[in-house]
Amino acid sequence: MTLKKVVVLFVSLNELNYLYPNKVYIAMIEEQVEEKLEVISYLIFEIGGELYAANVEKIESIIEIPKITKVPNSPPHLIGVINLRGVVLPVIDARIRMGTEVKECTEFSGILILEVDYKGEQVLVGALVDAVNEVVEILPGRIDPPPTMGLDFQSTYLKGVFKRKNGSFLMILNLDQVFAVDDAVTFEKTMV
């Protein structure tokens, strides 16, 4: 993003009189200044009919839904494991985790391969989502803090809320809180 700055230089009367005798000037110079504003890229995806976003730095890849192997006696949100390039990876149903309606998967459904922090260690977890939409860039100052009341799910799941141009809100998820569930991560570590 580029900002245009106007720089005003006040030149002493002596200098101006030397250059242009018998006239008084205030010199104004317009200068184009390249100033990089730090924007963060977010992936927008759909869970249960609602749009959510996550920092792309936490997303390793997006894959189509492969064969998922069910795990006996696992919690409802842990739908099974997949083989990702030779690594056994737990897959969490984001719809169950977020407390939304679970529908049949469609051709738009996919699995986000996330890198989440679990007790100071980075681990990979798959998250089943209804659809992946787009990547957007957002200035950090345009993200409001998460609301503290009135949500059906824990507000610790949110990093913030972004108001879009169309007036809708985009919930920015704290992936470490949402998907680093003890059951899934513990399972992944025992399988390695």
# chains A, B, ... in the order shown; residues from 1 in each chain; ligands from 1
$ select_by_dssp --residues "range 110-178 of chain A" --states "helix (DSSP H, G or I)" --output "JSON, numbers by chain"
{"A": [140, 141, 142, 155, 156, 157, 175, 176, 177, 178]}
$ select_by_dssp --residues "range 19-186 of chain A" --states "strand (DSSP E)" --output "PyMOL selection string"
chain A and resi 28-33+40-47+50-55+59-63+78-84+87-93+110-118+121-129+131-138+143-144+158-163+169-173
$ atom_distance --atom1 "CA of Ile92 in chain A" --atom2 "CA of Ile44 in chain A"
17.8 Å
$ atom_distance --atom1 "CA of Leu158 in chain A" --atom2 "CA of Gln122 in chain A"
19.4 Å
$ closest_residue --among "A:Asp176, A:Glu134, A:Glu64, A:Glu101" --to "Lys119 in chain A" --atoms "only C-alpha atoms"
A:Asp176
$ closest_residue --among "A:Leu124, A:Gly80, A:Tyr52, A:Glu46" --to "Val161 in chain A" --atoms "only C-alpha atoms"
A:Tyr52
$ closest_residue --among "A:Val88, A:Ile40, A:Leu128, A:Val123" --to "Glu104 in chain A" --atoms "only C-alpha atoms"
A:Leu128
$ atom_distance --atom1 "CA of Ile82 in chain A" --atom2 "CA of Ile68 in chain A"
5.3 Å
$ residues_around --residues "Lys70 in chain A" --least-positions-apart "6" --cutoff "10 Å" --atoms "only C-alpha atoms" --output "list in words"
Leu78, Ile79, Gly80, Val81, Ile82, Pro90 and Val91 of chain A
$ write_last_selection --atoms "C-alpha atoms" --output "mmCIF file, in the first residue's frame"
data_model
loop_
_atom_site.group_PDB
_atom_site.id
_atom_site.type_symbol
_atom_site.label_atom_id
_atom_site.label_comp_id
_atom_site.auth_asym_id
_atom_site.auth_seq_id
_atom_site.Cartn_x
_atom_site.Cartn_y
_atom_site.Cartn_z
ATOM 1 C CA LEU A 78 -11.761 -36.140 16.043
ATOM 2 C CA ILE A 79 -13.159 -37.777 12.924
ATOM 3 C CA GLY A 80 -10.088 -39.885 12.208
ATOM 4 C CA VAL A 81 -6.625 -39.825 10.694
ATOM 5 C CA ILE A 82 -5.207 -39.422 7.217
ATOM 6 C CA PRO A 90 -5.397 -36.326 13.037
ATOM 7 C CA VAL A 91 -8.372 -34.655 11.384
#
